[in-house]
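Peer 1: File data.cif follows (mmCIF, C-alpha atoms):
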data_final
#
loop_
_atom_site.label_atom_id
_atom_site.label_comp_id
_atom_site.auth_asym_id
_atom_site.auth_seq_id
_atom_site.Cartn_x
_atom_site.Cartn_y
_atom_site.Cartn_z
CA MET F 211 127.52 182.21 -162.67
CA ALA F 212 128.68 183.00 -166.19
CA ALA F 213 131.81 185.10 -166.38
CA LEU F 214 131.33 188.85 -165.97
CA SER F 215 133.83 191.62 -166.58
CA GLU F 216 135.40 193.37 -163.59
CA LYS F 217 133.01 196.31 -163.97
CA GLU F 218 129.93 194.09 -164.38
CA ALA F 219 130.92 191.99 -161.35
CA GLU F 220 131.20 195.17 -159.26
CA ALA F 221 127.72 196.30 -160.36
CA TYR F 222 126.35 192.84 -159.61
CA LEU F 223 127.80 192.97 -156.11
CA ASP F 224 126.17 196.38 -155.46
CA ALA F 225 122.74 195.34 -156.74
CA ARG F 226 122.22 191.80 -155.50
CA PRO F 227 119.49 191.45 -152.84
CA ARG F 228 120.27 189.99 -149.42
CA TYR F 229 118.73 186.67 -148.51
CA PRO F 230 116.77 186.68 -145.22
CA MET F 231 118.75 185.14 -142.35
CA ASP F 232 115.77 183.04 -141.32
CA TRP F 233 116.12 181.08 -144.59
CA TYR F 234 119.47 179.73 -143.40
CA GLU F 235 118.13 179.11 -139.91
CA LYS F 236 115.13 177.10 -141.12
CA ILE F 237 117.24 174.97 -143.45
CA ALA F 238 120.03 174.46 -140.89
CA ASP F 239 117.45 173.27 -138.37
CA ARG F 240 116.72 170.36 -140.74
CA THR F 241 120.31 169.14 -141.16
CA GLN F 242 121.59 166.55 -138.72
CA GLY F 243 125.12 167.94 -138.51
CA HIS F 244 126.53 171.45 -138.57
CA LYS F 245 130.21 170.94 -139.28
CA LEU F 246 130.55 171.73 -142.98
CA ALA F 247 128.48 173.56 -145.62
CA TRP F 248 129.28 174.10 -149.30
CA ASP F 249 128.16 177.27 -151.09
CA VAL F 250 128.31 176.46 -154.82
CA GLY F 251 128.49 179.41 -157.21
CA THR F 252 129.15 181.67 -154.23
CA GLY F 253 129.59 184.87 -156.25
CA ASN F 254 130.26 187.63 -153.73
CA GLY F 255 129.93 185.22 -150.79
CA GLN F 256 126.54 186.41 -149.60
CA ALA F 257 125.12 182.93 -148.97
CA ALA F 258 128.42 181.78 -147.44
CA ILE F 259 128.16 184.55 -144.85
CA GLY F 260 124.63 183.42 -144.01
CA LEU F 261 125.70 179.79 -143.72
CA VAL F 262 128.69 180.42 -141.44
CA GLU F 263 126.27 181.49 -138.70
CA HIS F 264 125.09 177.87 -138.52
CA TYR F 265 128.04 175.73 -139.61
CA GLU F 266 131.56 175.41 -138.21
CA LYS F 267 133.12 175.79 -141.65
CA VAL F 268 131.94 176.85 -145.10
CA VAL F 269 133.61 175.99 -148.39
CA ALA F 270 132.60 178.47 -151.10
CA THR F 271 133.39 177.88 -154.77
CA ASP F 272 132.89 179.78 -158.01
CA ILE F 273 134.03 179.68 -161.63
CA ASN F 274 134.21 183.48 -161.74
CA GLU F 275 137.48 184.90 -160.41
CA ALA F 276 136.24 188.50 -160.68
CA GLN F 277 133.44 187.72 -158.23
CA LEU F 278 135.71 185.85 -155.83
CA LYS F 279 138.02 188.86 -155.58
CA ARG F 280 135.09 190.77 -154.07
CA ALA F 281 133.84 187.98 -151.83
CA ILE F 282 133.14 188.83 -148.19
CA LYS F 283 136.01 187.55 -146.06
CA HIS F 284 135.51 185.43 -142.94
CA SER F 285 137.92 183.28 -140.95
CA ARG F 286 135.70 180.19 -141.25
CA ILE F 287 134.95 180.56 -144.97
CA SER F 288 137.43 179.23 -147.55
CA TYR F 289 136.96 180.50 -151.10
CA HIS F 290 138.15 178.50 -154.10
CA HIS F 291 138.19 179.09 -157.84
CA THR F 292 136.80 176.07 -159.71
CA PRO F 293 137.63 176.22 -163.44
CA LYS F 294 135.54 174.38 -166.02
CA ASN F 295 138.19 171.72 -166.56
CA MET F 296 138.14 170.57 -162.93
CA SER F 297 137.21 166.89 -162.70
CA GLU F 298 134.52 165.45 -160.44
CA ASP F 299 137.15 163.72 -158.32
CA GLU F 300 139.07 166.98 -157.93
CA MET F 301 135.90 168.80 -156.90
CA VAL F 302 134.98 166.11 -154.36
CA ALA F 303 138.44 166.33 -152.81
CA LEU F 304 138.40 170.15 -152.78
CA VAL F 305 135.14 170.57 -150.89
CA GLY F 306 135.72 167.91 -148.24
CA GLY F 307 135.55 164.41 -149.64
CA GLU F 308 132.88 161.73 -149.81
CA ASN F 309 130.00 161.88 -147.30
CA SER F 310 131.32 165.07 -145.69
CA ILE F 311 128.89 167.93 -146.37
CA ASP F 312 125.97 168.70 -144.07
CA LEU F 313 124.40 171.28 -146.39
CA ILE F 314 124.91 172.23 -150.03
CA VAL F 315 123.50 175.59 -151.15
CA ALA F 316 123.32 177.01 -154.67
CA ALA F 317 121.83 180.50 -154.44
CA GLN F 318 120.87 182.09 -157.77
CA ALA F 319 123.38 179.77 -159.42
CA ALA F 320 122.18 176.22 -160.19
CA HIS F 321 120.83 177.13 -163.64
CA PHE F 322 124.37 178.02 -164.75
CA PHE F 323 125.79 174.63 -163.77
CA ASP F 324 126.45 171.50 -165.75
CA LEU F 325 123.72 169.80 -163.74
CA THR F 326 124.87 166.25 -164.45
CA THR F 327 128.32 167.00 -163.01
CA PHE F 328 126.94 169.07 -160.14
CA TYR F 329 124.46 166.44 -159.04
CA ASN F 330 127.04 163.65 -159.38
CA VAL F 331 129.39 165.54 -157.07
CA ALA F 332 126.57 166.53 -154.71
CA LYS F 333 125.46 162.92 -154.25
CA ARG F 334 129.04 161.92 -153.43
CA VAL F 335 129.86 164.64 -150.92
CA LEU F 336 126.48 165.05 -149.21
CA ARG F 337 126.09 163.16 -145.94
CA LYS F 338 123.99 160.05 -146.46
CA GLU F 339 122.11 160.68 -143.24
CA GLY F 340 120.94 164.17 -142.37
CA GLY F 341 122.55 165.99 -145.29
CA LEU F 342 120.51 168.45 -147.38
CA ILE F 343 120.83 170.30 -150.67
CA ALA F 344 119.03 173.64 -151.20
CA ILE F 345 118.76 175.64 -154.39
CA TRP F 346 116.92 178.88 -155.04
CA VAL F 347 116.49 181.59 -157.63
CA TYR F 348 114.75 184.96 -157.63
CA ASN F 349 112.95 186.84 -160.41
CA ASP F 350 109.91 189.09 -160.96
CA LEU F 351 111.25 192.37 -159.62
CA ILE F 352 108.42 194.64 -158.45
CA ILE F 353 109.27 198.31 -157.76
CA SER F 354 106.39 200.73 -158.37
CA PRO F 355 103.41 201.36 -160.69
CA GLU F 356 105.52 203.94 -162.58
CA ILE F 357 108.60 201.77 -163.08
CA ASP F 358 107.11 198.28 -163.50
CA PRO F 359 105.61 198.88 -167.01
CA ILE F 360 109.01 200.08 -168.28
CA MET F 361 110.63 197.03 -166.70
CA ASN F 362 108.09 194.77 -168.39
CA ARG F 363 108.95 196.24 -171.80
CA LEU F 364 112.63 195.60 -171.12
CA LEU F 365 111.72 192.07 -170.06
CA ASP F 366 109.94 191.49 -173.38
CA SER F 367 112.95 192.81 -175.29
CA THR F 368 115.18 190.12 -173.74
CA LEU F 369 113.22 187.25 -175.31
CA PRO F 370 115.47 186.80 -178.40
CA PHE F 371 118.56 186.68 -176.17
CA ARG F 372 117.42 184.23 -173.52
CA THR F 373 119.23 180.92 -173.53
CA PRO F 374 117.76 177.69 -172.15
CA ILE F 375 119.92 178.31 -169.07
CA ILE F 376 118.47 181.78 -168.52
CA ASN F 377 114.94 180.45 -169.07
CA LEU F 378 115.42 178.04 -166.15
CA ALA F 379 115.71 181.12 -163.94
CA PHE F 380 112.78 182.91 -165.60
CA ASP F 381 110.69 179.77 -165.03
CA GLY F 382 111.46 179.88 -161.31
CA TYR F 383 113.15 176.44 -161.43
CA ARG F 384 109.85 174.74 -162.26
CA THR F 385 111.59 173.05 -165.22
CA LEU F 386 114.92 172.42 -163.49
CA PRO F 387 115.75 168.76 -162.78
CA PHE F 388 116.20 168.05 -159.06
CA PRO F 389 116.90 164.35 -158.38
CA PHE F 390 116.59 164.53 -154.61
CA GLU F 391 113.89 163.49 -152.17
CA SER F 392 111.63 166.28 -150.91
CA ILE F 393 111.63 167.22 -147.23
CA GLY F 394 108.52 169.38 -147.57
CA MET F 395 110.29 172.54 -148.73
CA GLY F 396 109.53 172.36 -152.44
CA SER F 397 110.23 169.51 -154.85
CA GLU F 398 111.18 168.91 -158.47
CA GLY F 399 108.75 170.90 -160.62
CA LYS F 400 107.14 172.52 -157.57
CA PRO F 401 109.45 175.01 -155.84
CA VAL F 402 108.15 176.82 -152.79
CA VAL F 403 107.56 180.52 -153.56
CA LEU F 404 108.94 183.09 -151.12
CA ASP F 405 108.97 186.88 -150.94
CA LEU F 406 112.40 188.48 -151.07
CA PRO F 407 112.24 192.11 -149.93
CA HIS F 408 115.08 194.44 -150.79
CA LYS F 409 116.01 198.13 -150.76
CA LEU F 410 117.35 199.45 -154.05
CA SER F 411 118.83 202.78 -155.09
CA LEU F 412 118.59 204.11 -158.62
CA LYS F 413 122.32 203.52 -159.09
CA GLY F 414 121.98 199.96 -157.80
CA PHE F 415 118.98 199.34 -160.04
CA ILE F 416 120.81 200.50 -163.18
CA GLY F 417 123.79 198.39 -162.10
CA PHE F 418 121.49 195.39 -161.76
CA LEU F 419 120.06 195.94 -165.24
CA ARG F 420 123.47 196.27 -166.89
CA SER F 421 124.75 193.08 -165.25
CA TRP F 422 121.51 191.13 -165.85
CA GLN F 423 122.32 187.97 -167.78
CA PRO F 424 119.97 188.43 -170.79
CA VAL F 425 121.23 192.01 -171.14
CA VAL F 426 124.83 190.77 -171.05
CA LYS F 427 123.99 188.13 -173.69
CA ALA F 428 122.43 190.78 -175.94
CA ARG F 429 125.49 193.00 -175.51
CA GLU F 430 127.73 190.11 -176.55
CA GLN F 431 125.73 190.02 -179.80
CA GLY F 432 126.12 193.75 -180.38
CA VAL F 433 122.74 194.85 -179.01
CA GLU F 434 122.50 197.22 -176.03
CA LEU F 435 119.09 196.73 -174.43
CA VAL F 436 119.80 199.11 -171.55
CA SER F 437 120.20 202.16 -173.76
CA GLU F 438 120.65 205.74 -172.59
CA ASP F 439 117.07 206.44 -173.67
CA LEU F 440 115.78 203.59 -171.50
CA ILE F 441 117.88 204.75 -168.55
CA ASN F 442 116.40 208.23 -168.93
CA LYS F 443 112.90 206.74 -168.76
CA PHE F 444 113.77 204.82 -165.62
CA GLU F 445 115.30 207.93 -164.05
CA GLU F 446 112.18 209.98 -164.81
CA ALA F 447 109.88 207.28 -163.39
CA TRP F 448 112.09 206.84 -160.32
CA GLY F 449 111.78 210.46 -159.22
CA ASP F 450 114.33 211.63 -156.66
CA GLU F 451 117.59 210.01 -157.76
CA ASN F 452 118.71 209.76 -154.13
CA GLN F 453 115.60 207.89 -153.03
CA VAL F 454 116.09 204.28 -151.92
CA LYS F 455 112.98 202.26 -152.77
CA ASP F 456 111.47 199.19 -151.13
CA VAL F 457 111.28 196.53 -153.83
CA SER F 458 110.34 192.88 -153.88
CA TYR F 459 111.42 189.79 -155.76
CA LYS F 460 109.75 186.39 -155.94
CA ALA F 461 112.12 183.64 -154.87
CA HIS F 462 111.70 179.96 -155.74
CA MET F 463 113.33 177.34 -153.50
CA ILE F 464 113.74 173.56 -153.43
CA VAL F 465 115.35 171.62 -150.57
CA GLY F 466 115.99 167.90 -150.68
CA LYS F 467 118.00 164.95 -149.41
CA ILE F 468 119.65 161.96 -151.01
CA PRO F 469 116.94 159.44 -151.98
CA VAL F 470 116.79 156.33 -149.80
CA SER F 471 117.50 154.10 -152.81
CA ILE F 472 120.80 155.88 -153.47
CA GLN F 473 121.70 155.75 -149.77
CA HIS F 474 121.32 151.96 -149.84
CA VAL F 475 123.47 151.64 -152.95
CA ARG F 476 126.18 153.80 -151.37
CA CYS F 477 126.10 151.79 -148.15
CA GLU F 478 126.55 148.56 -150.12
CA SER F 479 129.39 150.17 -152.07
CA ASP F 480 131.04 151.28 -148.83
CA GLN F 481 130.76 147.73 -147.46
CA VAL F 482 132.37 146.28 -150.58
CA SER F 483 135.18 148.83 -150.25
CA GLU F 484 135.69 147.94 -146.58
CA ASP F 485 135.81 144.23 -147.40
CA GLY F 486 138.34 144.92 -150.13
CA ASN F 487 140.47 146.90 -147.72
CA LYS F 488 140.38 144.03 -145.25
CA ASP F 489 141.76 141.71 -147.93
CA LEU F 490 144.59 144.18 -148.51
CA LEU F 491 145.35 144.53 -144.81
CA TYR F 492 145.32 140.91 -143.88
#
In structure tokens, how does this file's structure come out?
Peer 2:
Amino acid sequence: MAALSEKEAEAYLDARPRYPMDWYEKIADRTQGHKLAWDVGTGNGQAAIGLVEHYEKVVATDINEAQLKRAIKHSRISYHHTPKNMSEDEMVALVGGENSIDLIVAAQAAHFFDLTTFYNVAKRVLRKEGGLIAIWVYNDLIISPEIDPIMNRLLDSTLPFRTPIINLAFDGYRTLPFPFESIGMGSEGKPVVLDLPHKLSLKGFIGFLRSWQPVVKAREQGVELVSEDLINKFEEAWGDENQVKDVSYKAHMIVGKIPVSIQHVRCESDQVSEDGNKDLLY
């Protein structure tokens, strides 16, 4: 995730929806091993907490130190800051080494990554047999007939401030490259669409809006899209300020494995390495 200020990171933590536990269960059921999972772009650690129910250890990484400070602690989760200048080799070593990861998850994060680097590392650390990579993103917040039209107008106002990265999320990952073999849970260009229910307070909703990436981008350019006037309109449409509303997002998920062709190449490479080591030993 792009860097947020301390205050924005706190609002993001308060507003972010919780992913259903059965998502982790269904994906974990498809991995061969359950020793090590990697949560990439962990943010507040929400996905890491879900993963640790199914894997012996979880490595969780993020570029954003402000988020990591608020990450949910667990004895079997190790959190690590991964700055932009970290090399691929350093990242591979940090998360567990070659052919070590049973499951890689990037929840609401992959669109922020340097995808070439991420996929290079993923193909190195993911287990050749039985390892999976899962990415998902959520959008299309639906609250109520009174609030949704105001939200749609805000959505339209973000158009000049959306970057290609942000548009990957708005597109529901339909345009995101995903060079992995499908296992029947979405594929490149065709994510599976899931409902993501959530309960949201007015305070949490306003916090979500203020930490929303296109709003942050506009603010960086001197434009405040979430103005006091807009907040007043949302408050009026919300009704009782203490009411917690049932809301819904649309989530878009793709799960895949290393293509067979790459597995064969890696096996041949491993054999060459073993032969070379034999020459050194004998």
Peer 1: From the options F:Gly251, F:Gly399, F:Pro370, F:Pro407, which residue's atoms come nearest to Ile352 of chain F, counting only C-alpha atoms?
Peer 2: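 Of all the options, F:Pro407 lies closest to Ile352 of chain F.
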Peer 1: Give me, please, the distance in Å between atom CA of Phe415 of chain F and atom CA of Ile464 of chain F, quoted to one decimal.
Peer 2: 27.1 Å
Peer 1: Quick one: apply the PyMOL selection byres ((chain F and resi 371) around 6) to the file and drop the selected residues here as number ranges by chain.
Peer 2: F: 368-370, 372, 424, 428
Peer 1: One decimal, in Å: what's the spacing between atom CA of Pro469 of chain F and atom CA of Leu246 of chain F?
Peer 2: 20.4 Å
Peer 1: Considering only C-alpha atoms, return as a PyMOL selection string whatever protein or nucleic-acid residues lie within 8 Å of segment 337-351 of chain F, sequence-local ones (same chain, fewer than 2 positions apart) excluded.
Peer 2: chain F and resi 240-243+308-320+332+335+353+379-380+382-383+406+457-468+473
Peer 1: Quick one: write out the picked residues with C-alpha atoms as a JSON list (two decimals), keeping the file's coordinate frame?
Peer 2:
[["chain", "number", "residue", "atom", "x", "y", "z"],
["F", 240, "ARG", "CA", 116.72, 170.36, -140.74],
["F", 241, "THR", "CA", 120.31, 169.14, -141.16],
["F", 242, "GLN", "CA", 121.59, 166.55, -138.72],
["F", 243, "GLY", "CA", 125.12, 167.94, -138.51],
["F", 308, "GLU", "CA", 132.88, 161.73, -149.81],
["F", 309, "ASN", "CA", 130.00, 161.88, -147.30],
["F", 310, "SER", "CA", 131.32, 165.07, -145.69],
["F", 311, "ILE", "CA", 128.89, 167.93, -146.37],
["F", 312, "ASP", "CA", 125.97, 168.70, -144.07],
["F", 313, "LEU", "CA", 124.40, 171.28, -146.39],
["F", 314, "ILE", "CA", 124.91, 172.23, -150.03],
["F", 315, "VAL", "CA", 123.50, 175.59, -151.15],
["F", 316, "ALA", "CA", 123.32, 177.01, -154.67],
["F", 317, "ALA", "CA", 121.83, 180.50, -154.44],
["F", 318, "GLN", "CA", 120.87, 182.09, -157.77],
["F", 319, "ALA", "CA", 123.38, 179.77, -159.42],
["F", 320, "ALA", "CA", 122.18, 176.22, -160.19],
["F", 332, "ALA", "CA", 126.57, 166.53, -154.71],
["F", 335, "VAL", "CA", 129.86, 164.64, -150.92],
["F", 353, "ILE", "CA", 109.27, 198.31, -157.76],
["F", 379, "ALA", "CA", 115.71, 181.12, -163.94],
["F", 380, "PHE", "CA", 112.78, 182.91, -165.60],
["F", 382, "GLY", "CA", 111.46, 179.88, -161.31],
["F", 383, "TYR", "CA", 113.15, 176.44, -161.43],
["F", 406, "LEU", "CA", 112.40, 188.48, -151.07],
["F", 457, "VAL", "CA", 111.28, 196.53, -153.83],
["F", 458, "SER", "CA", 110.34, 192.88, -153.88],
["F", 459, "TYR", "CA", 111.42, 189.79, -155.76],
["F", 460, "LYS", "CA", 109.75, 186.39, -155.94],
["F", 461, "ALA", "CA", 112.12, 183.64, -154.87],
["F", 462, "HIS", "CA", 111.70, 179.96, -155.74],
["F", 463, "MET", "CA", 113.33, 177.34, -153.50],
["F", 464, "ILE", "CA", 113.74, 173.56, -153.43],
["F", 465, "VAL", "CA", 115.35, 171.62, -150.57],
["F", 466, "GLY", "CA", 115.99, 167.90, -150.68],
["F", 467, "LYS", "CA", 118.00, 164.95, -149.41],
["F", 468, "ILE", "CA", 119.65, 161.96, -151.01],
["F", 473, "GLN", "CA", 121.70, 155.75, -149.77]]
Peer 1: Taking the file as shown, what set of residues would the PyMOL selection byres ((chain F and resi 356) around 10) give back, as number ranges by chain?
Peer 2: F: 353-355, 357-361, 444, 446-449
Peer 1: Output C-alpha atoms for every residue in that selection, as a PDB file, keeping the file's coordinate frame.
Peer 2:
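What landed in selection_31.pdb:
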ATOM      1  CA  ILE F 353     109.270 198.310-157.760  1.00  0.00           C
ATOM      2  CA  SER F 354     106.390 200.730-158.370  1.00  0.00           C
ATOM      3  CA  PRO F 355     103.410 201.360-160.690  1.00  0.00           C
ATOM      4  CA  ILE F 357     108.600 201.770-163.080  1.00  0.00           C
ATOM      5  CA  ASP F 358     107.110 198.280-163.500  1.00  0.00           C
ATOM      6  CA  PRO F 359     105.610 198.880-167.010  1.00  0.00           C
ATOM      7  CA  ILE F 360     109.010 200.080-168.280  1.00  0.00           C
ATOM      8  CA  MET F 361     110.630 197.030-166.700  1.00  0.00           C
ATOM      9  CA  PHE F 444     113.770 204.820-165.620  1.00  0.00           C
ATOM     10  CA  GLU F 446     112.180 209.980-164.810  1.00  0.00           C
ATOM     11  CA  ALA F 447     109.880 207.280-163.390  1.00  0.00           C
ATOM     12  CA  TRP F 448     112.090 206.840-160.320  1.00  0.00           C
ATOM     13  CA  GLY F 449     111.780 210.460-159.220  1.00  0.00           C
TER      14      GLY F 449
END
Peer 1: Give me, please, the distance in Å between atom CA of Pro389 of chain F and atom CA of Leu325 of chain F, quoted to one decimal.
Peer 2: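 For atom CA of Pro389 of chain F relative to atom CA of Leu325 of chain F, the distance reads 10.2 Å.
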Peer 1: Starting from 3 Å padding per side, set up an axis-aligned box that covers all listed atoms of segment 368-377 of chain F and hand over centre and edge lengths in Å, one decimal, as lines of an AutoDock Vina configuration file.
Peer 2:
center_x = 116.6
center_y = 183.9
center_z = -173.5
size_x = 12.7
size_y = 18.4
size_z = 15.9
Peer 1: I need the residue set behind the PyMOL selection byres ((chain F and resi 455) around 8) for this file; please write it as a PyMOL selection string.
Peer 2: chain F and resi 353+409-411+453-454+456-457
Peer 1: Fewer than 6 positions away in the same chain doesn't count, so skip those; otherwise give me all residues within 7 Å of Tyr265 of chain F, counting all atoms listed in the file, as a list in words.
Peer 2: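 Within the cut-off, the hits are His244, Lys245, Leu246 and Ala247 of chain F.
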Peer 1: How would the residues just chosen look if you wrote them out with C-alpha atoms as a tab-separated table (two decimals), in the coordinates of the input?
Peer 2:
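Generated file (out_2.tsv):
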chain	number	residue	atom	x	y	z
F	244	HIS	CA	126.53	171.45	-138.57
F	245	LYS	CA	130.21	170.94	-139.28
F	246	LEU	CA	130.55	171.73	-142.98
F	247	ALA	CA	128.48	173.56	-145.62
Peer 1: Starting from the incomplete input, reconstruct N, CA, C and O atoms of segment 390-412 of chain F and report them as a tab-separated table (two decimals), in the coordinates of the input.
Peer 2:
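As written to disk, result.tsv reads:
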chain	number	residue	atom	x	y	z
F	390	PHE	N	116.45	164.75	-156.04
F	390	PHE	CA	116.59	164.53	-154.61
F	390	PHE	C	115.21	164.40	-153.99
F	390	PHE	O	114.22	164.88	-154.53
F	391	GLU	N	115.16	163.76	-152.85
F	391	GLU	CA	113.89	163.49	-152.17
F	391	GLU	C	113.44	164.73	-151.41
F	391	GLU	O	114.22	165.36	-150.69
F	392	SER	N	112.18	165.09	-151.57
F	392	SER	CA	111.63	166.28	-150.91
F	392	SER	C	111.58	166.10	-149.40
F	392	SER	O	111.33	165.00	-148.89
F	393	ILE	N	111.79	167.22	-148.69
F	393	ILE	CA	111.63	167.22	-147.23
F	393	ILE	C	110.47	168.14	-146.83
F	393	ILE	O	110.34	168.53	-145.68
F	394	GLY	N	109.65	168.50	-147.84
F	394	GLY	CA	108.52	169.38	-147.57
F	394	GLY	C	108.79	170.85	-147.79
F	394	GLY	O	107.97	171.70	-147.45
F	395	MET	N	109.95	171.15	-148.40
F	395	MET	CA	110.29	172.54	-148.73
F	395	MET	C	110.51	172.63	-150.24
F	395	MET	O	111.62	172.88	-150.72
F	396	GLY	N	109.45	172.38	-151.00
F	396	GLY	CA	109.53	172.36	-152.44
F	396	GLY	C	110.01	171.01	-152.94
F	396	GLY	O	110.54	170.19	-152.17
F	397	SER	N	109.80	170.76	-154.23
F	397	SER	CA	110.23	169.51	-154.85
F	397	SER	C	110.41	169.74	-156.33
F	397	SER	O	110.09	170.83	-156.85
F	398	GLU	N	110.95	168.76	-157.04
F	398	GLU	CA	111.18	168.91	-158.47
F	398	GLU	C	109.87	169.31	-159.18
F	398	GLU	O	108.85	168.64	-159.04
F	399	GLY	N	109.92	170.41	-159.91
F	399	GLY	CA	108.75	170.90	-160.62
F	399	GLY	C	107.82	171.76	-159.79
F	399	GLY	O	106.92	172.42	-160.33
F	400	LYS	N	108.03	171.77	-158.47
F	400	LYS	CA	107.14	172.52	-157.57
F	400	LYS	C	107.94	173.24	-156.48
F	400	LYS	O	107.86	172.89	-155.29
F	401	PRO	N	108.71	174.25	-156.86
F	401	PRO	CA	109.45	175.01	-155.84
F	401	PRO	C	108.49	175.75	-154.92
F	401	PRO	O	107.37	176.09	-155.31
F	402	VAL	N	108.92	175.98	-153.69
F	402	VAL	CA	108.15	176.82	-152.79
F	402	VAL	C	108.45	178.27	-153.16
F	402	VAL	O	109.59	178.62	-153.46
F	403	VAL	N	107.41	179.12	-153.17
F	403	VAL	CA	107.56	180.52	-153.56
F	403	VAL	C	107.65	181.39	-152.31
F	403	VAL	O	106.81	181.29	-151.41
F	404	LEU	N	108.68	182.24	-152.29
F	404	LEU	CA	108.94	183.09	-151.12
F	404	LEU	C	109.09	184.54	-151.56
F	404	LEU	O	109.54	184.82	-152.67
F	405	ASP	N	108.73	185.46	-150.68
F	405	ASP	CA	108.97	186.88	-150.94
F	405	ASP	C	110.39	187.24	-150.53
F	405	ASP	O	110.88	186.79	-149.49
F	406	LEU	N	111.03	188.04	-151.35
F	406	LEU	CA	112.40	188.48	-151.07
F	406	LEU	C	112.44	190.00	-151.12
F	406	LEU	O	112.66	190.61	-152.16
F	407	PRO	N	112.22	190.65	-149.98
F	407	PRO	CA	112.24	192.11	-149.93
F	407	PRO	C	113.66	192.65	-150.06
F	407	PRO	O	114.63	191.99	-149.66
F	408	HIS	N	113.76	193.85	-150.60
F	408	HIS	CA	115.08	194.44	-150.79
F	408	HIS	C	114.92	195.96	-150.88
F	408	HIS	O	113.84	196.46	-151.22
F	409	LYS	N	115.97	196.68	-150.57
F	409	LYS	CA	116.01	198.13	-150.76
F	409	LYS	C	116.98	198.42	-151.90
F	409	LYS	O	118.09	197.90	-151.91
F	410	LEU	N	116.56	199.25	-152.85
F	410	LEU	CA	117.35	199.45	-154.05
F	410	LEU	C	117.42	200.94	-154.39
F	410	LEU	O	116.40	201.63	-154.43
F	411	SER	N	118.64	201.40	-154.62
F	411	SER	CA	118.83	202.78	-155.09
F	411	SER	C	118.74	202.81	-156.60
F	411	SER	O	118.81	201.77	-157.27
F	412	LEU	N	118.63	203.98	-157.16
F	412	LEU	CA	118.59	204.11	-158.62
F	412	LEU	C	119.90	203.60	-159.22
F	412	LEU	O	119.89	202.87	-160.22
